[in-house]
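Content type PDB, C-alpha atoms, from the file protein.pdb:
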```pdb
ATOM      1  CA  MET A   1       0.000   0.000   0.000
ATOM      2  CA  ALA A   2       1.492   3.361  -0.980
ATOM      3  CA  ALA A   3       0.505   7.018  -0.899
ATOM      4  CA  ALA A   4       2.419   9.946  -2.375
ATOM      5  CA  ALA A   5       3.198  13.079  -0.308
ATOM      6  CA  PRO A   6       0.505  12.542   2.359
ATOM      7  CA  ASN A   7       1.651  15.648   4.231
ATOM      8  CA  ALA A   8      -0.164  17.688   1.599
ATOM      9  CA  ILE A   9      -3.282  17.007   3.703
ATOM     10  CA  LYS A  10      -3.931  17.329   7.435
ATOM     11  CA  PRO A  11      -2.493  14.585   9.680
ATOM     12  CA  VAL A  12      -5.937  13.593  10.987
ATOM     13  CA  ALA A  13      -7.197  13.202   7.409
ATOM     14  CA  PHE A  14      -4.291  10.898   6.614
ATOM     15  CA  VAL A  15      -4.999   8.701   9.664
ATOM     16  CA  ARG A  16      -8.661   8.442   8.677
ATOM     17  CA  LEU A  17      -7.714   7.574   5.103
ATOM     18  CA  VAL A  18      -5.366   4.790   6.196
ATOM     19  CA  ASP A  19      -7.990   3.434   8.584
ATOM     20  CA  ARG A  20     -10.675   3.418   5.866
ATOM     21  CA  LEU A  21      -8.434   1.704   3.308
ATOM     22  CA  THR A  22      -7.253  -1.009   5.685
ATOM     23  CA  THR A  23     -10.852  -1.626   6.769
ATOM     24  CA  LEU A  24     -12.253  -1.787   3.229
ATOM     25  CA  PHE A  25      -9.480  -4.040   1.919
ATOM     26  CA  GLY A  26      -9.374  -6.196   5.038
ATOM     27  CA  GLY A  27      -5.740  -5.424   5.750
ATOM     28  CA  GLY A  28      -4.155  -6.903   8.835
ATOM     29  CA  ASP A  29      -0.418  -6.426   9.033
ATOM     30  CA  VAL A  30      -0.328  -3.731   6.346
ATOM     31  CA  ASP A  31       3.001  -2.671   4.826
ATOM     32  CA  ILE A  32       2.667   1.090   4.335
ATOM     33  CA  SER A  33       5.235   3.258   2.588
ATOM     34  CA  VAL A  34       4.853   6.932   1.744
ATOM     35  CA  GLU A  35       6.754   9.704   0.036
ATOM     36  CA  ILE A  36       7.173  12.809   2.159
ATOM     37  CA  ASP A  37       7.746  16.402   1.069
ATOM     38  CA  PRO A  38      10.341  17.653   3.585
ATOM     39  CA  ARG A  39       9.353  21.262   2.936
ATOM     40  CA  SER A  40       6.021  20.779   4.725
ATOM     41  CA  PHE A  41       7.164  18.213   7.284
ATOM     42  CA  SER A  42       6.678  18.693  11.030
ATOM     43  CA  LEU A  43       7.138  16.821  14.301
ATOM     44  CA  GLU A  44       3.367  16.305  14.310
ATOM     45  CA  TRP A  45       3.714  14.466  11.006
ATOM     46  CA  ALA A  46       6.508  12.277  12.375
ATOM     47  CA  LEU A  47       4.233  11.213  15.229
ATOM     48  CA  THR A  48       1.273  10.751  12.869
ATOM     49  CA  LEU A  49       3.218   8.455  10.544
ATOM     50  CA  ALA A  50       4.399   6.359  13.487
ATOM     51  CA  ILE A  51       0.846   6.065  14.838
ATOM     52  CA  ALA A  52      -0.384   5.016  11.374
ATOM     53  CA  ASN A  53       2.233   2.233  11.409
ATOM     54  CA  VAL A  54       4.064   3.573   8.342
ATOM     55  CA  ARG A  55       7.185   1.467   7.850
ATOM     56  CA  ARG A  56       9.043   3.142   4.994
ATOM     57  CA  ILE A  57       9.522   6.783   4.066
ATOM     58  CA  SER A  58      10.917   8.126   0.797
ATOM     59  CA  PHE A  59      12.367  11.588   0.192
ATOM     60  CA  GLY A  60      12.821  13.101  -3.267
ATOM     61  CA  VAL A  61      16.249  14.545  -2.502
ATOM     62  CA  GLN A  62      17.489  14.833  -6.134
ATOM     63  CA  SER A  63      20.564  16.856  -5.072
ATOM     64  CA  PHE A  64      21.838  18.713  -2.017
ATOM     65  CA  ASP A  65      23.563  21.378  -4.124
ATOM     66  CA  PRO A  66      21.856  24.804  -3.595
ATOM     67  CA  GLU A  67      22.468  25.979  -7.175
ATOM     68  CA  ILE A  68      20.973  22.819  -8.660
ATOM     69  CA  GLN A  69      18.018  22.953  -6.259
ATOM     70  CA  ALA A  70      17.294  26.511  -7.390
ATOM     71  CA  ALA A  71      17.476  25.465 -11.055
ATOM     72  CA  ILE A  72      14.952  22.639 -10.620
ATOM     73  CA  GLY A  73      12.714  24.584  -8.226
ATOM     74  CA  ARG A  74      13.185  22.338  -5.208
ATOM     75  CA  ILE A  75      14.841  24.191  -2.337
ATOM     76  CA  GLN A  76      15.407  21.795   0.572
ATOM     77  CA  PRO A  77      18.728  22.205   2.417
ATOM     78  CA  VAL A  78      20.484  19.145   3.762
ATOM     79  CA  GLU A  79      19.688  20.333   7.307
ATOM     80  CA  MET A  80      15.967  20.059   6.474
ATOM     81  CA  ILE A  81      16.306  16.439   5.328
ATOM     82  CA  GLU A  82      18.514  15.617   8.324
ATOM     83  CA  THR A  83      15.871  16.972  10.719
ATOM     84  CA  CYS A  84      13.169  14.871   9.035
ATOM     85  CA  VAL A  85      15.258  11.699   9.166
ATOM     86  CA  ALA A  86      16.148  12.200  12.830
ATOM     87  CA  ALA A  87      12.494  12.810  13.783
ATOM     88  CA  LEU A  88      11.334   9.672  11.964
ATOM     89  CA  ARG A  89      14.033   7.423  13.354
ATOM     90  CA  ALA A  90      13.362   8.713  16.868
ATOM     91  CA  ARG A  91       9.809   7.417  16.457
ATOM     92  CA  GLY A  92      10.798   3.968  15.253
ATOM     93  CA  ILE A  93      10.561   4.440  11.471
ATOM     94  CA  SER A  94      13.846   2.900  10.426
ATOM     95  CA  SER A  95      13.486   2.280   6.675
ATOM     96  CA  ILE A  96      14.204   5.464   4.749
ATOM     97  CA  ASN A  97      14.807   5.947   1.027
ATOM     98  CA  PHE A  98      16.492   8.828  -0.819
ATOM     99  CA  ASP A  99      15.757   9.442  -4.505
ATOM    100  CA  LEU A 100      18.805  11.025  -6.140
ATOM    101  CA  MET A 101      19.398  12.204  -9.706
ATOM    102  CA  TYR A 102      22.337  12.556 -12.043
ATOM    103  CA  GLY A 103      22.343  14.583 -15.250
ATOM    104  CA  LEU A 104      20.754  17.595 -13.559
ATOM    105  CA  PRO A 105      21.336  21.180 -14.786
ATOM    106  CA  MET A 106      24.715  22.582 -13.737
ATOM    107  CA  GLN A 107      25.621  19.267 -12.122
ATOM    108  CA  THR A 108      29.282  18.292 -12.152
ATOM    109  CA  MET A 109      30.995  15.194 -10.853
ATOM    110  CA  GLU A 110      32.193  17.221  -7.872
ATOM    111  CA  LYS A 111      28.628  18.320  -7.044
ATOM    112  CA  LEU A 112      27.372  14.748  -7.329
ATOM    113  CA  ASP A 113      30.162  13.635  -5.000
ATOM    114  CA  ALA A 114      29.234  16.310  -2.450
ATOM    115  CA  THR A 115      25.630  15.082  -2.434
ATOM    116  CA  LEU A 116      26.790  11.484  -2.058
ATOM    117  CA  ASP A 117      28.951  12.560   0.899
ATOM    118  CA  GLU A 118      25.832  13.808   2.688
ATOM    119  CA  VAL A 119      23.783  10.761   1.697
ATOM    120  CA  LEU A 120      26.394   8.385   3.065
ATOM    121  CA  ARG A 121      26.603  10.427   6.263
ATOM    122  CA  LEU A 122      22.825  10.162   6.782
ATOM    123  CA  ARG A 123      22.923   6.539   5.571
ATOM    124  CA  PRO A 124      19.363   5.851   4.397
ATOM    125  CA  GLU A 125      18.424   2.186   4.106
ATOM    126  CA  ARG A 126      17.643   2.579   0.402
ATOM    127  CA  VAL A 127      18.935   4.835  -2.357
ATOM    128  CA  ALA A 128      17.665   5.235  -5.910
ATOM    129  CA  LEU A 129      19.957   6.984  -8.397
ATOM    130  CA  PHE A 130      17.927   8.029 -11.436
ATOM    131  CA  GLY A 131      18.927   9.810 -14.620
ATOM    132  CA  TYR A 132      17.220  13.185 -15.087
ATOM    133  CA  ALA A 133      14.929  13.213 -18.153
ATOM    134  CA  HIS A 134      14.597  16.632 -19.783
ATOM    135  CA  LEU A 135      11.134  16.616 -21.398
ATOM    136  CA  PRO A 136       9.871  20.210 -21.418
ATOM    137  CA  SER A 137       7.087  19.357 -23.883
ATOM    138  CA  MET A 138       5.672  16.923 -21.317
ATOM    139  CA  PHE A 139       6.564  18.847 -18.142
ATOM    140  CA  PRO A 140       6.029  22.600 -18.691
ATOM    141  CA  ARG A 141       7.994  23.554 -15.559
ATOM    142  CA  GLN A 142      11.132  22.199 -17.255
ATOM    143  CA  LYS A 143      10.899  24.982 -19.848
ATOM    144  CA  ARG A 144      12.546  27.242 -17.273
ATOM    145  CA  ILE A 145      15.655  25.028 -17.302
ATOM    146  CA  ASP A 146      18.470  26.019 -19.642
ATOM    147  CA  ALA A 147      19.103  22.874 -21.694
ATOM    148  CA  THR A 148      22.688  23.996 -22.387
ATOM    149  CA  SER A 149      23.458  23.578 -18.673
ATOM    150  CA  LEU A 150      22.708  19.846 -18.765
ATOM    151  CA  PRO A 151      25.618  17.362 -18.642
ATOM    152  CA  ASP A 152      26.341  15.583 -21.921
ATOM    153  CA  ALA A 153      25.793  11.854 -22.485
ATOM    154  CA  ARG A 154      29.375  10.933 -21.597
ATOM    155  CA  LEU A 155      29.269  12.768 -18.281
ATOM    156  CA  ARG A 156      25.840  11.318 -17.465
ATOM    157  CA  PHE A 157      27.210   7.812 -17.960
ATOM    158  CA  ASP A 158      30.254   8.576 -15.812
ATOM    159  CA  MET A 159      28.017   9.996 -13.073
ATOM    160  CA  ALA A 160      25.869   6.857 -13.000
ATOM    161  CA  ALA A 161      28.962   4.644 -12.846
ATOM    162  CA  HIS A 162      30.596   6.772 -10.158
ATOM    163  CA  GLY A 163      27.433   6.792  -8.038
ATOM    164  CA  HIS A 164      27.231   3.014  -8.327
ATOM    165  CA  ASP A 165      30.853   2.534  -7.314
ATOM    166  CA  ARG A 166      30.607   4.817  -4.282
ATOM    167  CA  LEU A 167      27.411   3.270  -2.940
ATOM    168  CA  VAL A 168      28.607  -0.301  -3.429
ATOM    169  CA  ALA A 169      31.951   0.546  -1.811
ATOM    170  CA  GLU A 170      30.026   1.824   1.228
ATOM    171  CA  GLY A 171      28.224  -1.489   1.650
ATOM    172  CA  TYR A 172      25.035  -0.960  -0.340
ATOM    173  CA  VAL A 173      23.711  -3.913  -2.351
ATOM    174  CA  GLN A 174      22.992  -3.145  -6.000
ATOM    175  CA  ILE A 175      19.402  -3.836  -7.061
ATOM    176  CA  GLY A 176      18.819  -3.711 -10.787
ATOM    177  CA  PHE A 177      20.569  -0.830 -12.503
ATOM    178  CA  ASP A 178      19.634   2.167 -10.332
ATOM    179  CA  HIS A 179      18.548   1.019  -6.846
ATOM    180  CA  PHE A 180      20.687   0.255  -3.796
ATOM    181  CA  ALA A 181      19.923  -1.009  -0.286
ATOM    182  CA  LEU A 182      21.791  -1.824   2.893
ATOM    183  CA  PRO A 183      22.241  -5.590   3.438
ATOM    184  CA  GLY A 184      19.665  -5.788   6.233
ATOM    185  CA  ASP A 185      16.918  -4.173   4.164
ATOM    186  CA  SER A 186      14.143  -6.368   2.746
ATOM    187  CA  MET A 187      14.926  -5.213  -0.800
ATOM    188  CA  ALA A 188      18.566  -6.284  -0.478
ATOM    189  CA  LYS A 189      17.496  -9.661   0.909
ATOM    190  CA  ALA A 190      15.085 -10.081  -2.015
ATOM    191  CA  ALA A 191      17.864  -9.245  -4.471
ATOM    192  CA  VAL A 192      20.181 -11.860  -2.969
ATOM    193  CA  SER A 193      17.462 -14.528  -3.200
ATOM    194  CA  GLY A 194      16.331 -13.521  -6.701
ATOM    195  CA  ARG A 195      12.914 -12.230  -5.618
ATOM    196  CA  VAL A 196      13.148  -8.610  -6.789
ATOM    197  CA  ARG A 197      10.344  -7.512  -9.097
ATOM    198  CA  ARG A 198       9.997  -4.577 -11.477
ATOM    199  CA  ASN A 199       6.857  -2.628 -12.364
ATOM    200  CA  PHE A 200       6.037   0.900 -13.512
ATOM    201  CA  GLN A 201       6.897   2.187 -10.032
ATOM    202  CA  GLY A 202      10.431   0.769 -10.092
ATOM    203  CA  PHE A 203      12.139  -2.134  -8.352
ATOM    204  CA  THR A 204      10.267  -3.739  -5.470
ATOM    205  CA  ASP A 205      10.290  -6.758  -3.176
ATOM    206  CA  ASP A 206       6.493  -6.941  -3.408
ATOM    207  CA  GLU A 207       5.611 -10.130  -5.282
ATOM    208  CA  CYS A 208       1.967  -9.186  -5.913
ATOM    209  CA  ASP A 209       0.864  -9.151  -9.582
ATOM    210  CA  VAL A 210      -1.890  -6.590  -8.966
ATOM    211  CA  VAL A 211      -1.497  -2.893  -8.085
ATOM    212  CA  VAL A 212      -4.671  -0.851  -7.470
ATOM    213  CA  GLY A 213      -4.177   2.859  -8.027
ATOM    214  CA  LEU A 214      -6.433   5.170  -6.015
ATOM    215  CA  GLY A 215      -6.554   8.891  -6.717
ATOM    216  CA  ALA A 216      -6.163  11.225  -9.677
ATOM    217  CA  SER A 217      -3.509  10.044 -12.200
ATOM    218  CA  ALA A 218      -2.867   6.820 -10.242
ATOM    219  CA  ILE A 219      -1.989   3.724 -12.292
ATOM    220  CA  SER A 220      -3.428   0.253 -11.743
ATOM    221  CA  LEU A 221      -1.636  -2.863 -12.909
ATOM    222  CA  PHE A 222      -3.354  -6.177 -13.643
ATOM    223  CA  PRO A 223      -1.903  -9.211 -15.433
ATOM    224  CA  ASP A 224      -3.839  -8.442 -18.626
ATOM    225  CA  ARG A 225      -4.105  -4.633 -18.526
ATOM    226  CA  ILE A 226      -2.615  -1.347 -17.308
ATOM    227  CA  ILE A 227      -5.015   1.516 -16.513
ATOM    228  CA  GLN A 228      -4.375   5.133 -15.545
ATOM    229  CA  ASN A 229      -6.972   7.211 -13.747
ATOM    230  CA  GLU A 230      -8.095  10.637 -14.901
ATOM    231  CA  LYS A 231      -5.180  13.005 -14.251
ATOM    232  CA  ASN A 232      -7.153  16.061 -13.107
ATOM    233  CA  ALA A 233      -8.680  15.976  -9.624
ATOM    234  CA  GLY A 234     -11.968  17.621 -10.652
ATOM    235  CA  PRO A 235     -12.970  15.160 -13.407
ATOM    236  CA  TYR A 236     -11.674  12.305 -11.224
ATOM    237  CA  ARG A 237     -14.040  13.268  -8.398
ATOM    238  CA  ASP A 238     -16.913  13.790 -10.846
ATOM    239  CA  ALA A 239     -16.507  10.242 -12.168
ATOM    240  CA  LEU A 240     -16.559   8.778  -8.662
ATOM    241  CA  ILE A 241     -19.587  10.832  -7.616
ATOM    242  CA  ALA A 242     -21.386   9.566 -10.722
ATOM    243  CA  GLY A 243     -20.564   5.992  -9.739
ATOM    244  CA  LYS A 244     -18.253   5.495 -12.705
ATOM    245  CA  LEU A 245     -14.787   4.000 -12.966
ATOM    246  CA  ALA A 246     -12.151   6.731 -13.074
ATOM    247  CA  GLY A 247      -9.836   5.087 -15.613
ATOM    248  CA  ALA A 248      -9.065   7.460 -18.487
ATOM    249  CA  ARG A 249      -6.634   5.446 -20.578
ATOM    250  CA  GLY A 250      -4.886   2.109 -20.613
ATOM    251  CA  THR A 251      -3.629  -0.814 -22.604
ATOM    252  CA  TRP A 252      -4.495  -4.495 -22.884
ATOM    253  CA  ARG A 253      -1.728  -7.061 -22.565
ATOM    254  CA  ASP A 254      -2.306 -10.239 -24.544
ATOM    255  CA  ALA A 255      -0.390 -13.481 -23.956
ATOM    256  CA  ASP A 256       2.547 -12.333 -26.084
ATOM    257  CA  ALA A 257       2.764  -8.978 -24.282
ATOM    258  CA  ARG A 258       2.710 -10.703 -20.884
ATOM    259  CA  LYS A 259       5.441 -13.099 -21.994
ATOM    260  CA  ARG A 260       7.599 -10.205 -23.189
ATOM    261  CA  ALA A 261       6.954  -8.347 -19.936
ATOM    262  CA  ARG A 262       8.317 -11.338 -17.992
ATOM    263  CA  ILE A 263      11.417 -11.422 -20.221
ATOM    264  CA  ILE A 264      11.969  -7.697 -19.688
ATOM    265  CA  GLU A 265      11.479  -8.017 -15.940
ATOM    266  CA  THR A 266      13.973 -10.865 -15.512
ATOM    267  CA  ILE A 267      16.579  -9.005 -17.568
ATOM    268  CA  LEU A 268      16.172  -5.875 -15.442
ATOM    269  CA  CYS A 269      15.961  -7.680 -12.095
ATOM    270  CA  GLN A 270      18.296 -10.659 -12.536
ATOM    271  CA  GLY A 271      20.413  -9.721 -15.543
ATOM    272  CA  ARG A 272      19.322 -12.759 -17.525
ATOM    273  CA  ALA A 273      16.405 -14.306 -19.393
ATOM    274  CA  GLU A 274      15.445 -17.780 -20.538
ATOM    275  CA  PHE A 275      13.228 -18.415 -23.567
ATOM    276  CA  SER A 276      10.713 -21.226 -23.945
ATOM    277  CA  ASP A 277      10.197 -20.221 -27.578
ATOM    278  CA  PRO A 278      13.438 -19.973 -29.638
ATOM    279  CA  GLN A 279      11.729 -17.359 -31.804
ATOM    280  CA  ASP A 280      11.815 -14.894 -28.920
ATOM    281  CA  MET A 281      15.581 -14.622 -29.177
ATOM    282  CA  ALA A 282      15.714 -15.091 -32.956
ATOM    283  CA  SER A 283      13.515 -12.009 -33.458
ATOM    284  CA  VAL A 284      16.194  -9.740 -31.953
ATOM    285  CA  LYS A 285      19.292 -11.751 -32.891
ATOM    286  CA  ASP A 286      20.983  -9.032 -34.935
ATOM    287  CA  ALA A 287      20.681  -6.479 -32.140
ATOM    288  CA  LEU A 288      21.772  -9.020 -29.508
ATOM    289  CA  ASP A 289      24.827  -9.886 -31.594
ATOM    290  CA  LYS A 290      25.963  -6.263 -31.347
ATOM    291  CA  PHE A 291      25.731  -6.360 -27.557
ATOM    292  CA  ALA A 292      27.507  -9.728 -27.526
ATOM    293  CA  CYS A 293      30.352  -8.433 -29.724
ATOM    294  CA  ALA A 294      30.808  -5.563 -27.274
ATOM    295  CA  GLY A 295      31.133  -8.049 -24.409
ATOM    296  CA  LEU A 296      27.902  -6.911 -22.757
ATOM    297  CA  VAL A 297      25.757 -10.007 -23.301
ATOM    298  CA  THR A 298      26.411 -13.743 -23.409
ATOM    299  CA  CYS A 299      24.036 -15.659 -25.672
ATOM    300  CA  GLU A 300      23.329 -19.156 -24.380
ATOM    301  CA  GLU A 301      21.366 -22.035 -25.884
ATOM    302  CA  LYS A 302      18.055 -21.079 -24.314
ATOM    303  CA  GLY A 303      18.606 -17.540 -23.158
ATOM    304  CA  ILE A 304      20.890 -14.592 -22.548
ATOM    305  CA  ARG A 305      22.908 -13.334 -19.616
ATOM    306  CA  LEU A 306      24.312  -9.861 -19.064
ATOM    307  CA  THR A 307      27.998  -9.676 -18.232
ATOM    308  CA  ASP A 308      29.209  -7.472 -15.382
ATOM    309  CA  ASP A 309      30.078  -4.779 -17.941
ATOM    310  CA  GLY A 310      26.623  -5.173 -19.470
ATOM    311  CA  LEU A 311      24.577  -4.481 -16.330
ATOM    312  CA  PRO A 312      24.500  -0.680 -16.912
ATOM    313  CA  TYR A 313      22.954  -1.412 -20.326
ATOM    314  CA  SER A 314      20.201  -3.700 -19.034
ATOM    315  CA  ARG A 315      17.447  -1.267 -20.051
ATOM    316  CA  HIS A 316      18.759  -1.168 -23.615
ATOM    317  CA  VAL A 317      18.882  -4.958 -23.813
ATOM    318  CA  ALA A 318      15.426  -5.321 -22.266
ATOM    319  CA  ALA A 319      13.988  -2.765 -24.713
ATOM    320  CA  LEU A 320      14.757  -5.133 -27.587
ATOM    321  CA  PHE A 321      11.878  -7.305 -26.415
ATOM    322  CA  ASP A 322       9.410  -4.430 -26.069
ATOM    323  CA  THR A 323       7.519  -4.529 -29.366
ATOM    324  CA  SER A 324       4.859  -2.139 -28.050
ATOM    325  CA  GLN A 325       7.465   0.513 -27.158
ATOM    326  CA  MET A 326       5.809   0.702 -23.745
ATOM    327  CA  ARG A 327       8.626   0.563 -21.215
ATOM    328  CA  ILE A 328       8.106  -1.672 -18.205
TER     329      ILE A 328
END
```
Just give me the structure of the file as structure tokens.
Amino acid sequence: MAAAAPNAIKPVAFVRLVDRLTTLFGGGDVDISVEIDPRSFSLEWALTLAIANVRRISFGVQSFDPEIQAAIGRIQPVEMIETCVAALRARGISSINFDLMYGLPMQTMEKLDATLDEVLRLRPERVALFGYAHLPSMFPRQKRIDATSLPDARLRFDMAAHGHDRLVAEGYVQIGFDHFALPGDSMAKAAVSGRVRRNFQGFTDDECDVVVGLGASAISLFPDRIIQNEKNAGPYRDALIAGKLAGARGTWRDADARKRARIIETILCQGRAEFSDPQDMASVKDALDKFACAGLVTCEEKGIRLTDDGLPYSRHVAALFDTSQMRI
């Protein structure tokens, strides 16, 4: 069960919402994780989250560099995050995640290193290191960002590799190509035992095949379909008041699409894939041969396996099997 930025509402409203959801869905020992906006966090919220039995908290840190924060419109000094983390841990919430980004405007290797210094000092249980995607046509707020200040492709790659090396050297377990967790964390344990999953939300140790999205723009995942709710809150509420389903768009997944999704997921999560149908590999043989010649992939009799050098390219290899161009 997940909710995004619950501190956008009043604490009492959040407690009531959690109580209603757990009652309606018959939840017993519910695993609740939330994303918190540190800019509107308070000690009252720390207590509220503990009372609601929230187990994991995620912070969208992105970067601790003041200049970069100003460029992306997210001012949150390291002292603010540190205060939030201390308040949560003092109330027994001990699983904390930081979302970081590389490839941000005006970001240099030195600035990335400075952020990693602070992250390692605070030592969250999980870290995600994502590549910034500059899509001003999709996200209007990005139009204020000077595209010429973005790192080039070479520097982006070096940043991702450097972030990986630093986190692994500090004891974090690599999960997929952009997630990391301390050895005692449930995600790290799942990675060691081969139980990590991948869905549209990212890497997870949740083995459920169904995700029910509640709220405007939320996405629901079922074995045979993916559905996104109406993005705007007004029309979303109108649909519910009228007793209608709030899904606004989606896609069906036939047997072939589900098979390809499993191939993509095992490549991303375990760095390998096995094929029951030889045609699955034959259909992308030419492209696979290029990866193999570069020493990134080993082609076996009934499948493929990424080499250690090939792990950073797992998304590119997995994309070969995505005939719908809909990234998993």
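The space between atom CA of Ile93 of chain A and atom CA of Asp31 of chain A spans 12.3 Å.
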Between segment 34-133 of chain A and segment 149-154 of chain A, at 8 Å or less, what are the per-residue closest atom pairs and their distances in Å? Count all atoms listed in the file, order by chain and rising residue number, and return it as a Markdown table.
```
| residue | atom | partner | partner_atom | distance |
| --- | --- | --- | --- | --- |
| A:Gly103 | CA | A:Pro151 | CA | 5.5 |
| A:Leu104 | CA | A:Leu150 | CA | 6.0 |
| A:Pro105 | CA | A:Leu150 | CA | 4.4 |
| A:Met106 | CA | A:Ser149 | CA | 5.2 |
| A:Gln107 | CA | A:Pro151 | CA | 6.8 |
| A:Thr108 | CA | A:Pro151 | CA | 7.5 |
```
Create the file for the chosen residues now, containing C-alpha atoms and written as a tab-separated table (two decimals), keeping the file's coordinate frame.
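The result, stored in result-v4.tsv:
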```
chain	number	residue	atom	x	y	z
A	103	GLY	CA	22.34	14.58	-15.25
A	104	LEU	CA	20.75	17.60	-13.56
A	105	PRO	CA	21.34	21.18	-14.79
A	106	MET	CA	24.72	22.58	-13.74
A	107	GLN	CA	25.62	19.27	-12.12
A	108	THR	CA	29.28	18.29	-12.15
```
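Put simply, the PyMOL selection byres ((chain A and resi 264-281) around 7) in this file takes in A:Gly176, A:Gly194, A:Val196, A:Arg197, A:Arg198, A:Arg260, A:Ala261, A:Arg262, A:Ile263, A:Ala282, A:Ser283, A:Val284, A:Lys285, A:Lys302, A:Gly303, A:Ile304, A:Arg305, A:Leu306, A:Leu311, A:Ser314, A:Arg315, A:Ala318, A:Phe321.
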May I have the residues within 8 Å of Ile175 of chain A as a VMD selection string, using all atoms listed in the file and disregarding those fewer than 6 positions away in the same chain?
chain A and resid 181 187 to 188 191 196 203 269
Take the residues that were just selected and, keeping C-alpha atoms, output them as a PDB file, keeping the file's coordinate frame.
```
ATOM      1  CA  ALA A 181      19.923  -1.009  -0.286  1.00  0.00           C
ATOM      2  CA  MET A 187      14.926  -5.213  -0.800  1.00  0.00           C
ATOM      3  CA  ALA A 188      18.566  -6.284  -0.478  1.00  0.00           C
ATOM      4  CA  ALA A 191      17.864  -9.245  -4.471  1.00  0.00           C
ATOM      5  CA  VAL A 196      13.148  -8.610  -6.789  1.00  0.00           C
ATOM      6  CA  PHE A 203      12.139  -2.134  -8.352  1.00  0.00           C
ATOM      7  CA  CYS A 269      15.961  -7.680 -12.095  1.00  0.00           C
TER       8      CYS A 269
END
```
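Shortest atom-to-atom contact with Val168 of chain A among A:Arg258, A:Lys10, A:Arg225, A:Arg126: A:Arg126, counting all atoms listed in the file.
Taking atom CA of Ala242 of chain A and atom CA of Asn229 of chain A as endpoints, the distance between them is 14.9 Å.
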Check which residues satisfy the PyMOL selection byres ((chain A and resi 162-165) around 9) in the file shown, then give them as a JSON list (two decimals) with C-alpha atoms, in the coordinates of the input.
```json
[["chain", "number", "residue", "atom", "x", "y", "z"],
["A", 102, "TYR", "CA", 22.34, 12.56, -12.04],
["A", 109, "MET", "CA", 31.00, 15.19, -10.85],
["A", 112, "LEU", "CA", 27.37, 14.75, -7.33],
["A", 113, "ASP", "CA", 30.16, 13.64, -5.00],
["A", 116, "LEU", "CA", 26.79, 11.48, -2.06],
["A", 129, "LEU", "CA", 19.96, 6.98, -8.40],
["A", 157, "PHE", "CA", 27.21, 7.81, -17.96],
["A", 158, "ASP", "CA", 30.25, 8.58, -15.81],
["A", 159, "MET", "CA", 28.02, 10.00, -13.07],
["A", 160, "ALA", "CA", 25.87, 6.86, -13.00],
["A", 161, "ALA", "CA", 28.96, 4.64, -12.85],
["A", 166, "ARG", "CA", 30.61, 4.82, -4.28],
["A", 167, "LEU", "CA", 27.41, 3.27, -2.94],
["A", 168, "VAL", "CA", 28.61, -0.30, -3.43],
["A", 169, "ALA", "CA", 31.95, 0.55, -1.81],
["A", 170, "GLU", "CA", 30.03, 1.82, 1.23],
["A", 174, "GLN", "CA", 22.99, -3.14, -6.00],
["A", 177, "PHE", "CA", 20.57, -0.83, -12.50],
["A", 178, "ASP", "CA", 19.63, 2.17, -10.33],
["A", 180, "PHE", "CA", 20.69, 0.26, -3.80]]
```
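The shortest atom-to-atom distance to Phe59 of chain A, with all atoms listed in the file taken into account, belongs to A:Val119 out of A:Ile9, A:Cys208, A:Val18, A:Val119.
Applied to the shown file, the PyMOL selection byres ((chain A and resi 37-45) around 7) selects the residues A:Ala5, A:Asn7, A:Pro11, A:Glu35, A:Ile36, A:Ala46, A:Leu47, A:Thr48, A:Leu49, A:Phe59, A:Gln76, A:Met80, A:Ile81, A:Cys84, A:Ala87.
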Atom CA of Leu21 of chain A sits from atom CA of Pro6 of chain A at a separation of 14.1 Å
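For the choices A:Ala71, A:Arg195, A:Arg121, A:Phe130, the atom-to-atom distance to Lys143 of chain A is smallest for A:Ala71 when using only C-alpha atoms.
Closest approach to Glu118 of chain A from the set A:Ile51, A:Ala86, A:Val30, A:Val61 is made by A:Val61, with distances taken over all atoms listed in the file.
Closest approach to Gly250 of chain A from the set A:Leu120, A:Ala233, A:Val317, A:Ile227 is made by A:Ile227, with distances taken over only C-alpha atoms.
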Just checking: using all atoms listed in the file, which residue out of A:Glu125, A:Asp117, A:Asp205, A:Asp146 ends up closest to Val173 of chain A?
A:Glu125
Enclosing box along x, y and z for every listed atom of segment 44-60 of chain A, padded 6 Å each side, centre and size in Å, one decimal, as JSON:
```
{"center_x": 6.2, "center_y": 8.9, "center_z": 6.0, "size_x": 25.2, "size_y": 26.8, "size_z": 30.5}
```
